[in-house]
>>> print(open('final38.cif').read())   # mmCIF, C-alpha atoms and all ligand atoms
data_model
#
loop_
_atom_site.label_atom_id
_atom_site.label_comp_id
_atom_site.auth_asym_id
_atom_site.auth_seq_id
_atom_site.Cartn_x
_atom_site.Cartn_y
_atom_site.Cartn_z
CA MET A 1 24.81 -20.11 19.82
CA SER A 2 27.73 -18.64 21.74
CA GLN A 3 29.83 -18.12 18.60
CA LYS A 4 28.41 -15.69 16.05
CA TYR A 5 28.07 -17.69 12.87
CA ARG A 6 27.01 -16.43 9.46
CA PHE A 7 23.56 -17.01 7.97
CA GLU A 8 24.44 -20.15 5.96
CA THR A 9 26.00 -21.75 9.03
CA ILE A 10 23.08 -20.86 11.32
CA ALA A 11 20.71 -22.40 8.75
CA LEU A 12 22.47 -25.73 9.37
CA HIS A 13 23.42 -25.54 13.04
CA GLY A 14 21.26 -22.91 14.76
CA GLY A 15 19.52 -24.13 17.88
CA GLN A 16 21.05 -27.60 17.85
CA ALA A 17 23.88 -29.46 19.44
CA PRO A 18 24.13 -33.22 18.84
CA ASP A 19 21.59 -34.89 21.14
CA PRO A 20 23.42 -35.40 24.47
CA SER A 21 21.67 -38.65 25.39
CA THR A 22 21.89 -40.42 22.02
CA THR A 23 24.64 -38.38 20.22
CA ALA A 24 22.37 -38.33 17.14
CA ARG A 25 23.72 -35.82 14.61
CA ALA A 26 20.38 -34.99 12.98
CA VAL A 27 17.68 -33.33 15.08
CA PRO A 28 15.60 -36.14 16.59
CA VAL A 29 11.81 -36.02 16.20
CA TYR A 30 10.40 -36.08 19.71
CA ARG A 31 7.05 -37.75 19.10
CA THR A 32 5.60 -37.35 22.54
CA ALA A 33 2.56 -35.54 23.87
CA SER A 34 3.94 -34.89 27.35
CA PHE A 35 7.09 -34.79 29.46
CA VAL A 36 7.84 -36.25 32.91
CA PHE A 37 8.34 -33.77 35.77
CA LYS A 38 11.33 -34.29 38.07
CA ASN A 39 9.17 -33.74 41.16
CA THR A 40 6.22 -31.66 42.31
CA GLN A 41 8.38 -28.56 42.89
CA HIS A 42 9.71 -28.79 39.32
CA ALA A 43 6.16 -29.18 37.99
CA ALA A 44 4.97 -26.13 39.94
CA ASP A 45 7.99 -24.08 38.79
CA LEU A 46 7.31 -24.93 35.15
CA PHE A 47 3.68 -23.89 35.41
CA GLY A 48 4.62 -20.72 37.30
CA LEU A 49 7.21 -19.71 34.65
CA ARG A 50 9.88 -19.82 37.37
CA ALA A 51 11.65 -22.47 35.31
CA LEU A 52 11.51 -23.11 31.57
CA GLY A 53 11.05 -26.65 30.35
CA ASN A 54 8.78 -29.04 28.57
CA ILE A 55 5.30 -29.81 29.88
CA TYR A 56 3.15 -30.77 26.92
CA THR A 57 3.74 -30.65 23.14
CA ARG A 58 0.92 -28.14 22.62
CA LEU A 59 3.19 -25.68 24.49
CA THR A 60 6.75 -26.75 23.69
CA ASN A 61 8.54 -29.72 22.15
CA PRO A 62 12.31 -30.25 21.82
CA THR A 63 12.18 -30.73 18.02
CA THR A 64 10.06 -27.61 17.62
CA GLU A 65 12.37 -25.76 19.99
CA VAL A 66 15.33 -26.29 17.62
CA LEU A 67 13.21 -24.86 14.80
CA GLU A 68 12.20 -21.88 16.96
CA GLN A 69 15.77 -21.17 18.04
CA ARG A 70 17.08 -21.49 14.48
CA VAL A 71 14.52 -19.06 13.04
CA THR A 72 15.15 -16.67 15.95
CA GLU A 73 18.84 -16.60 15.04
CA LEU A 74 18.17 -16.28 11.31
CA GLU A 75 15.77 -13.36 11.86
CA GLY A 76 18.00 -11.76 14.50
CA GLY A 77 15.20 -11.81 17.07
CA ALA A 78 14.93 -12.75 20.75
CA ALA A 79 12.44 -15.65 20.71
CA SER A 80 10.10 -17.46 18.32
CA VAL A 81 6.92 -19.50 18.66
CA ALA A 82 6.13 -22.06 15.95
CA VAL A 83 2.47 -22.87 15.32
CA ALA A 84 0.35 -25.01 13.01
CA SER A 85 0.20 -22.55 10.09
CA GLY A 86 1.18 -19.10 8.93
CA THR A 87 -2.49 -18.22 9.24
CA SER A 88 -2.64 -19.12 12.94
CA ALA A 89 0.68 -17.29 13.48
CA ILE A 90 -1.00 -14.13 12.18
CA PHE A 91 -4.18 -14.61 14.21
CA TYR A 92 -2.30 -15.40 17.43
CA SER A 93 -0.04 -12.38 16.98
CA ILE A 94 -3.02 -10.07 16.67
CA ILE A 95 -5.01 -11.44 19.60
CA THR A 96 -1.92 -11.41 21.80
CA LEU A 97 -1.88 -7.61 21.68
CA ALA A 98 -5.46 -6.60 20.78
CA GLN A 99 -8.93 -7.38 22.11
CA ALA A 100 -12.52 -6.29 21.49
CA GLY A 101 -12.67 -2.51 21.10
CA ASP A 102 -9.14 -2.26 19.73
CA GLU A 103 -7.95 -1.50 16.22
CA ILE A 104 -5.16 -2.52 13.85
CA VAL A 105 -3.97 -0.54 10.84
CA SER A 106 -3.01 -2.85 7.97
CA ALA A 107 -1.69 -2.60 4.44
CA ASN A 108 -4.47 -3.49 2.01
CA ASN A 109 -2.33 -5.68 -0.26
CA LEU A 110 -2.40 -8.91 1.68
CA TYR A 111 -2.32 -12.66 1.27
CA GLY A 112 -5.94 -13.69 0.51
CA GLY A 113 -6.49 -15.61 3.76
CA THR A 114 -5.06 -12.77 5.82
CA TYR A 115 -7.37 -10.30 4.10
CA THR A 116 -10.43 -12.36 5.00
CA GLN A 117 -9.19 -12.84 8.57
CA PHE A 118 -8.76 -9.08 8.95
CA ASP A 119 -11.87 -8.09 7.02
CA SER A 120 -14.35 -10.55 8.55
CA ILE A 121 -13.08 -12.59 11.49
CA LEU A 122 -11.28 -9.93 13.54
CA PRO A 123 -14.19 -7.45 13.25
CA ALA A 124 -16.59 -10.20 14.41
CA LEU A 125 -14.39 -10.48 17.52
CA GLY A 126 -14.55 -6.72 18.02
CA ILE A 127 -11.12 -5.89 16.57
CA LYS A 128 -11.47 -3.35 13.79
CA VAL A 129 -8.91 -3.34 10.98
CA ASN A 130 -8.34 -0.12 9.06
CA PHE A 131 -6.91 -0.94 5.63
CA VAL A 132 -4.64 1.60 3.98
CA ASP A 133 -2.73 1.85 0.72
CA GLN A 134 0.77 0.96 1.91
CA LYS A 135 2.55 2.76 -0.89
CA ASP A 136 2.53 5.98 1.15
CA PRO A 137 3.70 5.35 4.74
CA GLN A 138 1.84 8.50 5.85
CA ASN A 139 -1.41 6.61 5.22
CA PHE A 140 -0.59 4.52 8.28
CA ALA A 141 0.01 7.61 10.39
CA LYS A 142 -3.33 9.07 9.30
CA ALA A 143 -5.26 5.90 10.15
CA ILE A 144 -3.86 5.49 13.68
CA THR A 145 -6.36 6.27 16.46
CA PRO A 146 -6.01 6.04 20.27
CA LYS A 147 -7.39 2.48 19.94
CA THR A 148 -4.72 1.28 17.47
CA LYS A 149 -2.57 -1.51 18.91
CA ALA A 150 -0.29 -2.37 15.96
CA LEU A 151 0.55 -1.75 12.32
CA TYR A 152 0.60 -4.70 9.93
CA ILE A 153 2.40 -5.16 6.58
CA GLU A 154 3.79 -7.83 4.25
CA THR A 155 7.37 -7.26 3.00
CA ILE A 156 6.42 -8.02 -0.61
CA GLY A 157 2.66 -7.67 -0.77
CA ASN A 158 0.19 -9.98 -2.43
CA PRO A 159 -0.90 -10.02 -5.18
CA VAL A 160 1.05 -7.43 -7.24
CA LEU A 161 4.33 -7.66 -5.33
CA ASP A 162 4.49 -4.07 -4.12
CA PHE A 163 7.43 -3.64 -1.83
CA VAL A 164 6.79 -1.68 1.33
CA ASP A 165 8.94 0.90 3.14
CA ILE A 166 9.41 -1.05 6.36
CA LYS A 167 11.68 1.45 8.10
CA ALA A 168 9.36 4.41 7.46
CA ILE A 169 6.34 2.47 8.73
CA ALA A 170 8.25 1.15 11.76
CA ASP A 171 9.19 4.72 12.67
CA ILE A 172 5.53 5.76 12.48
CA ALA A 173 4.53 2.81 14.68
CA HIS A 174 7.17 3.60 17.29
CA ALA A 175 6.35 7.31 17.33
CA ASN A 176 2.84 6.21 18.31
CA GLY A 177 3.95 3.69 20.96
CA ILE A 178 2.79 0.67 18.99
CA PRO A 179 4.63 -2.24 17.36
CA LEU A 180 5.00 -3.12 13.69
CA ILE A 181 4.04 -6.66 12.67
CA VAL A 182 5.65 -7.83 9.43
CA ASP A 183 4.65 -10.89 7.43
CA ALA A 184 8.03 -11.73 5.90
CA THR A 185 6.99 -14.93 4.12
CA PHE A 186 7.84 -13.62 0.62
CA THR A 187 11.36 -12.56 1.57
CA THR A 188 12.39 -14.95 4.36
CA PRO A 189 15.26 -13.82 6.60
CA TYR A 190 17.67 -14.80 3.82
CA LEU A 191 16.60 -11.90 1.61
CA LEU A 192 15.61 -9.46 4.36
CA ARG A 193 15.96 -9.28 8.12
CA SER A 194 13.04 -7.00 8.94
CA ILE A 195 14.01 -6.57 12.59
CA GLU A 196 17.06 -4.60 11.44
CA TYR A 197 14.61 -2.11 9.92
CA GLY A 198 12.39 -1.81 12.97
CA ALA A 199 9.95 -4.73 12.77
CA ASP A 200 8.89 -5.77 16.27
CA ILE A 201 7.10 -8.99 15.40
CA VAL A 202 7.96 -11.05 12.32
CA ILE A 203 5.73 -13.74 10.89
CA ASN A 204 6.84 -16.42 8.45
CA SER A 205 4.68 -19.08 6.88
CA LEU A 206 7.02 -22.08 7.13
CA THR A 207 4.92 -23.72 4.43
CA LYS A 208 6.57 -21.61 1.75
CA TRP A 209 10.29 -21.00 1.08
CA LEU A 210 11.55 -21.76 4.60
CA GLY A 211 10.26 -25.33 4.34
CA GLY A 212 10.74 -25.13 0.62
CA HIS A 213 9.42 -28.50 -0.47
CA GLY A 214 5.65 -28.23 -0.11
CA THR A 215 5.63 -31.04 2.44
CA GLY A 216 3.75 -29.49 5.35
CA ILE A 217 1.91 -26.52 6.81
CA GLY A 218 3.39 -24.40 9.59
CA GLY A 219 4.00 -20.86 10.75
CA ILE A 220 6.33 -19.06 13.11
CA ILE A 221 6.23 -15.81 15.06
CA THR A 222 9.50 -14.10 15.95
CA ASP A 223 9.64 -11.51 18.73
CA SER A 224 12.41 -8.94 18.24
CA GLY A 225 12.61 -8.50 22.01
CA LYS A 226 12.89 -4.75 21.47
CA PHE A 227 9.35 -3.41 21.86
CA ASN A 228 8.54 -1.65 25.14
CA TRP A 229 5.21 -3.11 26.31
CA LYS A 230 5.23 -0.82 29.35
CA GLY A 231 4.44 2.20 27.20
CA GLY A 232 0.81 2.26 28.32
CA LYS A 233 -0.84 1.39 25.00
CA HIS A 234 -1.25 -2.32 25.72
CA PRO A 235 -3.35 -3.19 28.78
CA LEU A 236 -3.04 -6.87 27.82
CA PHE A 237 0.60 -6.50 28.92
CA SER A 238 0.34 -3.94 31.72
CA GLU A 239 -2.86 -5.09 33.49
CA PRO A 240 -3.27 -8.39 35.40
CA ASP A 241 -3.98 -11.15 32.83
CA SER A 242 -6.91 -13.36 33.85
CA ASN A 243 -5.62 -15.90 31.31
CA TYR A 244 -2.44 -16.38 33.33
CA HIS A 245 -3.18 -16.07 37.06
CA GLY A 246 -3.10 -12.29 37.07
CA LEU A 247 0.41 -11.91 35.63
CA ARG A 248 1.23 -8.45 34.26
CA TRP A 249 3.43 -9.48 31.32
CA ALA A 250 5.23 -6.14 30.96
CA ILE A 251 5.87 -5.73 34.69
CA ASP A 252 6.03 -8.99 36.63
CA LEU A 253 8.32 -11.17 34.52
CA PRO A 254 11.87 -11.84 35.76
CA GLU A 255 14.45 -9.66 34.04
CA ALA A 256 15.73 -12.44 31.78
CA LEU A 257 12.25 -13.06 30.38
CA ALA A 258 10.98 -9.47 30.21
CA PRO A 259 12.23 -8.80 26.63
CA ILE A 260 10.31 -11.80 25.29
CA ALA A 261 7.00 -10.96 26.99
CA PHE A 262 5.22 -11.01 23.63
CA ALA A 263 6.50 -14.46 22.63
CA LEU A 264 5.68 -15.81 26.10
CA ARG A 265 2.14 -14.48 25.94
CA VAL A 266 1.65 -16.01 22.46
CA ARG A 267 2.74 -19.35 23.85
CA THR A 268 0.91 -19.30 27.15
CA VAL A 269 -2.36 -17.64 26.12
CA PRO A 270 -3.48 -18.33 22.51
CA LEU A 271 -1.26 -21.33 21.75
CA ARG A 272 -1.93 -22.96 25.10
CA ASN A 273 -5.68 -22.32 25.10
CA LEU A 274 -6.66 -22.24 21.43
CA GLY A 275 -4.20 -24.95 20.50
CA ALA A 276 -2.96 -24.56 16.90
CA ALA A 277 0.24 -26.44 17.79
CA ILE A 278 2.73 -27.59 15.17
CA SER A 279 3.46 -31.30 15.02
CA PRO A 280 7.09 -32.25 15.79
CA ASP A 281 7.17 -34.14 12.48
CA ASN A 282 6.40 -30.93 10.61
CA SER A 283 8.97 -29.02 12.66
CA TRP A 284 11.51 -31.59 11.51
CA GLN A 285 10.49 -31.19 7.86
CA PHE A 286 10.95 -27.43 8.15
CA LEU A 287 14.37 -27.85 9.77
CA GLN A 288 15.42 -30.02 6.83
CA GLY A 289 14.24 -27.31 4.46
CA ILE A 290 15.94 -24.48 6.31
CA GLU A 291 19.30 -26.27 6.07
CA THR A 292 19.35 -25.48 2.32
CA LEU A 293 17.41 -22.18 2.41
CA PRO A 294 20.39 -20.04 1.27
CA LEU A 295 21.16 -22.35 -1.67
CA ARG A 296 17.55 -22.65 -2.76
CA LEU A 297 16.75 -18.96 -2.41
CA ALA A 298 19.78 -17.99 -4.46
CA ARG A 299 18.45 -20.16 -7.31
CA HIS A 300 14.83 -19.05 -6.82
CA VAL A 301 15.75 -15.38 -7.19
CA GLU A 302 18.12 -15.97 -10.10
CA ASN A 303 15.47 -17.94 -12.02
CA SER A 304 12.72 -15.44 -11.12
CA GLN A 305 14.75 -12.52 -12.41
CA LYS A 306 15.29 -14.34 -15.72
CA VAL A 307 11.59 -15.26 -16.00
CA ALA A 308 10.54 -11.66 -15.32
CA GLU A 309 12.91 -10.39 -18.01
CA PHE A 310 11.71 -13.08 -20.46
CA LEU A 311 8.05 -12.17 -19.87
CA LYS A 312 8.74 -8.47 -20.15
CA LYS A 313 9.80 -8.98 -23.78
CA HIS A 314 7.08 -11.50 -24.68
CA PRO A 315 4.46 -10.33 -27.21
CA LYS A 316 1.60 -12.17 -25.42
CA VAL A 317 2.33 -10.44 -22.13
CA ALA A 318 0.58 -7.15 -21.34
CA TRP A 319 2.54 -6.29 -18.19
CA VAL A 320 4.92 -7.86 -15.63
CA ARG A 321 5.45 -7.09 -11.95
CA TYR A 322 8.62 -8.23 -10.23
CA PRO A 323 10.50 -5.98 -7.81
CA GLY A 324 13.77 -6.98 -9.48
CA LEU A 325 12.78 -5.54 -12.88
CA LYS A 326 14.31 -2.17 -13.67
CA GLY A 327 11.43 0.24 -14.07
CA ASP A 328 9.09 -1.78 -11.81
CA PRO A 329 7.18 0.61 -9.51
CA SER A 330 8.75 -1.21 -6.52
CA HIS A 331 12.28 -1.51 -7.88
CA ALA A 332 13.87 1.59 -6.37
CA LEU A 333 12.45 0.98 -2.89
CA ALA A 334 13.06 -2.78 -2.95
CA SER A 335 16.67 -2.19 -4.01
CA LYS A 336 17.25 -0.22 -0.80
CA TYR A 337 16.32 -3.28 1.27
CA LEU A 338 17.11 -6.34 -0.84
CA SER A 339 20.70 -7.05 -1.76
CA LYS A 340 20.46 -10.78 -2.52
CA GLY A 341 17.50 -10.81 -4.89
CA PHE A 342 13.85 -9.92 -5.12
CA GLY A 343 11.94 -13.05 -4.19
CA GLY A 344 10.58 -16.09 -5.96
CA VAL A 345 7.23 -14.85 -7.29
CA VAL A 346 6.58 -13.13 -10.60
CA VAL A 347 3.13 -11.90 -11.67
CA PHE A 348 2.04 -10.81 -15.11
CA GLY A 349 -0.99 -9.86 -17.14
CA ILE A 350 -1.70 -11.97 -20.16
CA LYS A 351 -3.10 -10.39 -23.31
CA GLY A 352 -6.65 -11.63 -23.88
CA GLY A 353 -7.39 -11.50 -20.13
CA TYR A 354 -9.17 -14.25 -18.26
CA GLU A 355 -9.76 -16.50 -21.32
CA SER A 356 -6.07 -16.53 -22.21
CA ALA A 357 -5.07 -17.09 -18.59
CA VAL A 358 -7.24 -20.21 -18.50
CA LYS A 359 -5.69 -21.53 -21.75
CA LEU A 360 -2.18 -20.91 -20.44
CA ILE A 361 -2.81 -22.56 -17.07
CA ASP A 362 -4.63 -25.57 -18.51
CA GLY A 363 -2.04 -26.08 -21.26
CA ILE A 364 1.29 -25.42 -19.58
CA THR A 365 3.70 -28.26 -18.77
CA LEU A 366 6.25 -28.44 -15.93
CA PHE A 367 4.43 -25.79 -13.84
CA SER A 368 1.95 -27.24 -11.33
CA HIS A 369 -1.41 -25.51 -11.16
CA LEU A 370 -2.00 -25.15 -7.44
CA ALA A 371 -2.48 -22.69 -4.59
CA ASN A 372 0.92 -22.43 -2.98
CA VAL A 373 4.18 -20.55 -3.35
CA GLY A 374 7.74 -21.28 -2.33
CA ASP A 375 7.94 -24.91 -3.41
CA ALA A 376 11.22 -25.99 -5.01
CA LYS A 377 9.03 -26.80 -8.04
CA SER A 378 7.55 -24.13 -10.31
CA LEU A 379 3.88 -23.28 -9.69
CA ILE A 380 1.17 -21.33 -11.50
CA LEU A 381 -2.12 -19.82 -10.31
CA HIS A 382 -4.90 -17.45 -11.32
CA PRO A 383 -5.52 -15.61 -8.01
CA ALA A 384 -8.70 -13.72 -9.01
CA SER A 385 -10.62 -17.01 -9.38
CA THR A 386 -8.90 -18.88 -6.53
CA SER A 387 -6.84 -17.58 -3.60
CA HIS A 388 -8.33 -14.08 -3.72
CA SER A 389 -11.85 -15.02 -4.91
CA GLN A 390 -13.31 -14.19 -1.45
CA LEU A 391 -12.54 -10.54 -2.16
CA SER A 392 -15.26 -8.43 -3.76
CA PRO A 393 -14.53 -6.96 -7.22
CA GLU A 394 -13.90 -3.59 -5.50
CA GLN A 395 -11.50 -5.14 -2.98
CA GLN A 396 -9.72 -6.99 -5.78
CA ALA A 397 -9.38 -3.78 -7.76
CA SER A 398 -8.09 -1.79 -4.77
CA SER A 399 -5.37 -4.37 -4.13
CA GLY A 400 -4.36 -4.39 -7.82
CA LEU A 401 -5.74 -7.83 -8.60
CA THR A 402 -6.93 -7.76 -12.21
CA PRO A 403 -8.67 -10.67 -14.04
CA ASP A 404 -5.71 -11.09 -16.41
CA LEU A 405 -3.19 -11.58 -13.56
CA VAL A 406 -1.26 -14.86 -13.55
CA ARG A 407 0.99 -15.68 -10.60
CA LEU A 408 4.13 -17.74 -11.01
CA SER A 409 6.16 -19.15 -8.14
CA ILE A 410 9.46 -19.90 -9.81
CA GLY A 411 11.17 -23.10 -8.77
CA ILE A 412 14.76 -24.23 -8.84
CA GLU A 413 14.54 -26.33 -12.03
CA HIS A 414 16.95 -25.57 -14.90
CA ILE A 415 16.08 -22.11 -16.16
CA ASP A 416 15.94 -23.28 -19.80
CA ASP A 417 13.25 -25.85 -18.97
CA ILE A 418 11.24 -23.16 -17.14
CA LEU A 419 11.50 -20.71 -20.03
CA GLU A 420 10.69 -23.39 -22.64
CA ALA A 421 7.55 -24.38 -20.70
CA LEU A 422 6.46 -20.74 -20.51
CA GLU A 423 7.17 -20.14 -24.19
CA ALA A 424 5.15 -23.20 -25.23
CA GLY A 425 2.31 -22.34 -22.84
CA LEU A 426 2.10 -18.73 -23.98
CA SER A 427 2.13 -19.70 -27.65
CA GLN A 428 -1.04 -21.77 -27.09
CA ALA A 429 -2.83 -19.05 -25.15
C1 LIG B 501 0.89 -18.74 2.73
C2 LIG B 501 0.94 -17.42 3.35
C3 LIG B 501 0.31 -17.19 4.58
C4 LIG B 501 -0.44 -18.27 5.30
O1 LIG B 501 0.40 -19.31 5.69
P1 LIG B 501 -0.15 -20.83 5.84
O2 LIG B 501 1.04 -21.55 6.35
O3 LIG B 501 -0.62 -21.27 4.50
O4 LIG B 501 -1.27 -20.78 6.82
C5 LIG B 501 0.40 -15.93 5.13
N1 LIG B 501 1.04 -14.93 4.49
C6 LIG B 501 1.64 -15.11 3.31
C7 LIG B 501 2.34 -13.97 2.67
C8 LIG B 501 1.62 -16.35 2.69
O5 LIG B 501 2.21 -16.53 1.50
#
>>> encode(input="final38.cif", output="structure tokens")
Amino acid sequence: MSQKYRFETIALHGGQAPDPSTTARAVPVYRTASFVFKNTQHAADLFGLRALGNIYTRLTNPTTEVLEQRVTELEGGAASVAVASGTSAIFYSIITLAQAGDEIVSANNLYGGTYTQFDSILPALGIKVNFVDQKDPQNFAKAITPKTKALYIETIGNPVLDFVDIKAIADIAHANGIPLIVDATFTTPYLLRSIEYGADIVINSLTKWLGGHGTGIGGIITDSGKFNWKGGKHPLFSEPDSNYHGLRWAIDLPEALAPIAFALRVRTVPLRNLGAAISPDNSWQFLQGIETLPLRLARHVENSQKVAEFLKKHPKVAWVRYPGLKGDPSHALASKYLSKGFGGVVVFGIKGGYESAVKLIDGITLFSHLANVGDAKSLILHPASTSHSQLSPEQQASSGLTPDLVRLSIGIEHIDDILEALEAGLSQA
């Protein structure tokens, strides 16, 4: 947008002007697989990246483009690529900058699916992931080798909600000529704009708070446009790319496109040839959700803070982790970064361990027992037996996942109804 609007306004208007051909106010859903070329020259220019435009919905789609532009503006980045899931957004980001023989250094407190991707799938493709305890940024510095292509973190880590010192880790990445990839799903750009603290690539699972209604699966990658791919550490950007007729992404692109080399390579190499494209219908759902992101998030964080404080005082609760709690190990650090609240997830340990957790989850009303976060409705889960069950007992222990841990994703219902449901559920457990 030419005018610089504030976050709440971008959430409603970013990336969209009323459709010029129909004057529709809402973003139309362009349900089409392909787009008609003006002539053969136009077709050749599109394929040669000499002109930007729609070819095929696996690559770009006008509905998805509004979503991409809106998230780009909300994150303060240069370009975004929406894909079929947060999971594919993570995978495509990694393989855009790393190949067999390369390494990534990652925080060890990760979303369960990401952990398995990094621990099993990437190594099988020849990309080694060195996991470090993210609480000390120096652990990243120590794990970097000449083969390291990126550092990887989550803003608020799964499963115990440790906040991470983004700026310190970004500085370490940049001192080593490599980018920092940040999974910002648990904060969304409303609570934290990671690019302002040095993130080079930001990933959001649209499935969670951005969409906000549990109605679809999607992910988005935002390129800050600031990383220098010419630094010599990334041959996938400085050497001729056999995936794209010998283009050297860091060198050959026209000046206007050079800053978004990463986003372009995501789109034209993995997205184009591996194909985890988002459907325009889902892009539309996520746009609807984003319109109310600031309102919903404000309620999510307000309710979560109250739930954390309620649990902290509850006799059946052994411990609570929420970055917004005074005295939480993450509180001081998180307070430096988060001024609008500390996210929508609260985790706690229930006295009586696994047995009590089962009684609580099976008995509680209002909360839905399911594997998701970020729905407008309140959710409950026992990660050790579900989302993180692929991890070995040692891996679970090292990421802080204990058998008594219950995860709550706090919705935007009336706080009294949420607290009454928890009180009743805990009294049975
Ligand atoms: C859900 C989630 C993902 C994966 O996103 P999907 O859209 O479910 O594929 C990745 N990271 C975090 C932190 C998540 O919460």
>>> residues_around(input="final38.cif", residues="stretch 15-20 of chain A", least_positions_apart="4", cutoff="6 Å", atoms="all atoms listed in the file", output="list in words")
Ala24, Arg25, Val66, Gln69 and Arg70 of chain A
>>> residues_near_point(input="final38.cif", point="(13.6, -25.7, -8.2)", cutoff="9 Å", atoms="only C-alpha atoms", output="list in words")
Arg296, Arg299, His300, Asn303, Asp375, Ala376, Lys377, Ser378, Ile410, Gly411, Ile412, Glu413 and His414 of chain A
>>> residues_near_ligand(input="final38.cif", ligand="ligand LIG 501 (chain B)", cutoff="10 Å", atoms="all atoms listed in the file", output="number ranges by chain")
A: 83-90, 109-115, 153-159, 182-187, 203-209, 216-220, 371-374
>>> residues_around(input="final38.cif", residues="A:Gln285", least_positions_apart="6", cutoff="9 Å", atoms="only C-alpha atoms", output="list in words")
Gly211, His213, Thr215 and Gly216 of chain A
>>> atom_distance(input="final38.cif", atom1="atom CA of A:His174", atom2="atom CA of A:Ile94")
17.1 Å
>>> closest_residue(input="final38.cif", among="A:Thr23, A:Asn176, A:Thr40, A:Ser194", to="A:Asn228", atoms="all atoms listed in the file")
A:Asn176
>>> closest_residue(input="final38.cif", among="A:Ser398, A:Asp136, A:Val71, A:Leu426", to="A:Asp362", atoms="all atoms listed in the file")
A:Leu426
>>> residues_around(input="final38.cif", residues="A:Gly53", least_positions_apart="2", cutoff="12 Å", atoms="only C-alpha atoms", output="list in words")
Ser34, Phe35, Val36, Phe37, Lys38, His42, Ala43, Ala44, Asp45, Leu46, Phe47, Gly48, Leu49, Arg50, Ala51, Ile55, Tyr56, Thr57, Leu59, Thr60, Asn61, Pro62 and Glu65 of chain A
>>> residues_around(input="final38.cif", residues="A:Glu103", least_positions_apart="2", cutoff="10 Å", atoms="only C-alpha atoms", output="list of chain:residue names")
A:Ile94, A:Ala98, A:Gln99, A:Ala100, A:Gly101, A:Val105, A:Ser106, A:Leu122, A:Pro123, A:Gly126, A:Ile127, A:Lys128, A:Val129, A:Asn130, A:Ala143, A:Ile144, A:Thr145, A:Pro146, A:Lys147, A:Thr148, A:Lys149, A:Ala150, A:Leu151
>>> residues_around(input="final38.cif", residues="A:Thr402", least_positions_apart="5", cutoff="10 Å", atoms="all atoms listed in the file", output="PDB file with C-alpha atoms, keeping the file's coordinate frame")
ATOM      1  CA  PRO A 159      -0.900 -10.020  -5.180  1.00  0.00           C
ATOM      2  CA  VAL A 160       1.050  -7.430  -7.240  1.00  0.00           C
ATOM      3  CA  PHE A 348       2.040 -10.810 -15.110  1.00  0.00           C
ATOM      4  CA  GLY A 349      -0.990  -9.860 -17.140  1.00  0.00           C
ATOM      5  CA  GLY A 353      -7.390 -11.500 -20.130  1.00  0.00           C
ATOM      6  CA  TYR A 354      -9.170 -14.250 -18.260  1.00  0.00           C
ATOM      7  CA  HIS A 382      -4.900 -17.450 -11.320  1.00  0.00           C
ATOM      8  CA  PRO A 383      -5.520 -15.610  -8.010  1.00  0.00           C
ATOM      9  CA  ALA A 384      -8.700 -13.720  -9.010  1.00  0.00           C
ATOM     10  CA  PRO A 393     -14.530  -6.960  -7.220  1.00  0.00           C
ATOM     11  CA  GLN A 396      -9.720  -6.990  -5.780  1.00  0.00           C
ATOM     12  CA  ALA A 397      -9.380  -3.780  -7.760  1.00  0.00           C
TER      13      ALA A 397
END
>>> atom_distance(input="final38.cif", atom1="atom CA of A:Thr222", atom2="atom CA of A:Ala199")
9.9 Å
>>> closest_residue(input="final38.cif", among="A:Ala82, A:Phe367, A:Phe7, A:Thr72", to="A:Asn282", atoms="all atoms listed in the file")
A:Ala82
>>> closest_residue(input="final38.cif", among="A:Glu239, A:Glu355, A:Asp404, A:Glu309", to="A:Ala429", atoms="all atoms listed in the file")
A:Glu355
